[in-house]
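To start, the structure itself, in structure tokens.
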Amino acid sequence: MAGYRTPYLPVCIVALLLSACTGRNNKKLPIIGEREAVERVVDGKTVVDTLYHQIPAFTFLNQDSTIITDKDFENKVYVANFFFTHCPSICPTMQRNLLKVYEKYKGNDKLAFLSHSIDFKYDSPSVLKSYATKLGVDNAQWQFVTGSKKDIYGISEKYLVYTKEDASAPGGYDHQGYLVLIDQQKRIRGAYDGTNEEQVAQLFTDLEILLQERP
Amino acid sequence: MQKKIRSLAVIGLGIAVIAFSCQPNVSIQTAQYAVNGQKLYQTHCQNCHGAKGEGLGALYPPLTDTVYQRENRHRLACIVKFGLNEPVSIHGETYDGPMPGVPQLSPIEIAYILTYITTRFGNSNDNFTQEEVKKGLASCK
């Protein structure tokens with residue numbers, strides 16, 4: 001019996017090492033959101049395509065009072081969130097954590113950041129500009145945008161983030177502090193609680209995986 | 001026997017002091033105030049001012065300016081309770097955003113928070129007393 005056991009150990013170790021190497025390269029992030037199967041006829045054969053949930057086209061005004069659209073994020077990975085400048089609750093922590101990501105990837109044109117203000121009444125472009133500058137954002141990689149209530153709250157649903165005007169919430173707006181990871185095809189690949197240290201650490205890990213994925 | 005108990009008690013007290021306080025110079029009461037203050041700090045202050053009192057960019061000032069803390073010690077209770085609506089100079093940088101206060105805090109809670117901030121992020125060894133906070137609050141502008 002003992003004679004059988006000995007050769008297994010080195011084999012196991014080698015197998016483990018191999019799987020560890022390949023496993024690392026094969027790791028893929030999930031694609032989040034509803035999907036539907038669409039049948040299509042190609043060369044007389046029926047094939048099934050999966051349509052994934054995607055962020056639709058958008059147009060907003062940024063901190064420099066210029067128009068920002070989904071085209072500005074074409075072929076980029078980006079992290080999106082929802083906040084407002086005088087938010088007394090979760091936003092400072094969420095933005096502090098996103099700032100760490102921004103600082104790590106500053107100058108990397110494959111990655112962008114998009115913060116939507118849900119305070120469409122107060123957060124004009126000049127207010128957003130002042131906020132961005134004070135936060136320490138000094139290039140176009142991180143966009144701070146405002147838009148009509150309908151557009152901002154409408155798009156938050158597409159990012160699967162809850163936002164609501166609520167007089168009883170601190171600051172007048174209720175919202176979730178998710179940092180939403182979007183891939184080059186505008187699909188949601190992860191959502192991380194921006195106030196939770198562990199989830200923010202996971203975002204750092206997942207971001208590396210997504211940036212190495214071939215579109 | 002009596003001597004033994006007494007020396008054990010002294011040793012026990014010594015261990016308690018060391019265990020309760022990170023800084024060697026603070027009393028047990030100060031250390032206890034700081035522990036209570038930490039929880040309140042996390043709830044009411046940490047979002048903006050950070051877990052280490054580091055602040056955030058030029059938006060929210062750090063709470064590590066010991067000179068400011070010393071010179072404005074009598075005003076700190078008012079700032080916590082009623083906020084600040086004027087520019088403030090911290091470590092030579094000006095911060096001009098308004099700070100919301102936390103009006104529901106009681107004097108003892110404010111004493112806990114200020115003890116935590118000034119001993120953990122500053123270099124104070126003394127706790128704020130409830131009386132000191134009440135006196136400070138009486139002179140809020």
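Naming scheme: A, B, ... for chains in displayed order of the structure tokens; residues 1 onward per chain; ligands 1 onward as shown.
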For Phe120 (chain A), list every protein, DNA or RNA residue within 12 Å, evaluated using only C-alpha atoms, and leave out those in the same chain fewer than 3 positions away; present the list as a ChimeraX atom specification. /A:60-61,82-85,116-117,123-125,127-128,145-153,164-165,172-173
Can you build me a table of chain B residues sitting at most 6 Å from chain A, with the closest atom pair per residue and its distance in Å to one decimal, using only C-alpha atoms, sorted by chain and residue number, as a Markdown table?
| residue | atom | partner | partner_atom | distance |
| --- | --- | --- | --- | --- |
| B:Asn47 | CA | A:Thr93 | CA | 5.1 |
| B:Cys48 | CA | A:Pro92 | CA | 5.3 |
| B:Gly57 | CA | A:Leu135 | CA | 4.8 |
| B:Ala58 | CA | A:Lys134 | CA | 4.4 |
| B:Leu59 | CA | A:Lys134 | CA | 5.3 |
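Looking only at region 15-94 of chain B, the set that DSSP places in strand (DSSP E) from backbone geometry is Val88, Ser89, Ile90, Glu93 and Thr94 of chain B.
Distance-wise, CA of Ala51 (chain B) and CA of Gly122 (chain B) end up 13.8 Å apart.
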Using only C-alpha atoms, which residues sit within 10 Å of Asn97 (chain A) once same-chain residues fewer than 5 positions away are excluded, as a ChimeraX atom specification? /A:91-92,102,179,194-197,200-201
From a backbone DSSP assignment, name each residue in chain B labelled helix (DSSP H, G or I), as a PyMOL selection string. chain B and resi 2-20+28-44+46-49+66-71+73-82+107-121+130-138
Skipping near chain neighbours, those fewer than 6 positions away, what residues fall within 12 Å of Asn81 (chain A) using only C-alpha atoms, listed as a VMD selection string? chain A and resid 90 to 91 94 to 95 97 to 98 112 to 118 142 to 145 152 to 153 155 to 163 175 to 182 191 to 194
Any idea what's packed within 6 Å of region 130-132 of chain B, counting only C-alpha atoms, ignoring anything in its chain fewer than 4 positions away? Could you give it as a ChimeraX atom specification? /B:107-108,111
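Put simply, CA of His44 (chain B) is 15.9 Å away from CA of Thr118 (chain B).
Nearest to Asp72 (chain A) of all the residues A:Lys121, A:Lys28, A:Lys110, A:Arg187 is A:Lys110, based on only C-alpha atoms.
Residue neighbourhood of Val101 (chain A), excluding near-sequence residues (fewer than 5 positions): Lys106, Val200, Leu203 and Phe204 of chain A, at 9 Å, using only C-alpha atoms.
Going from CA of Ile67 (chain A) over to CA of Asp166 (chain A), you cover 27.9 Å.
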Just want the 12 Å neighbourhood of His91 (chain B), counted on only C-alpha atoms, with same-chain residues fewer than 2 positions away dropped. Output as an MDAnalysis selection string. chainID B and resid 54:55 58 61:69 88:89 93:95
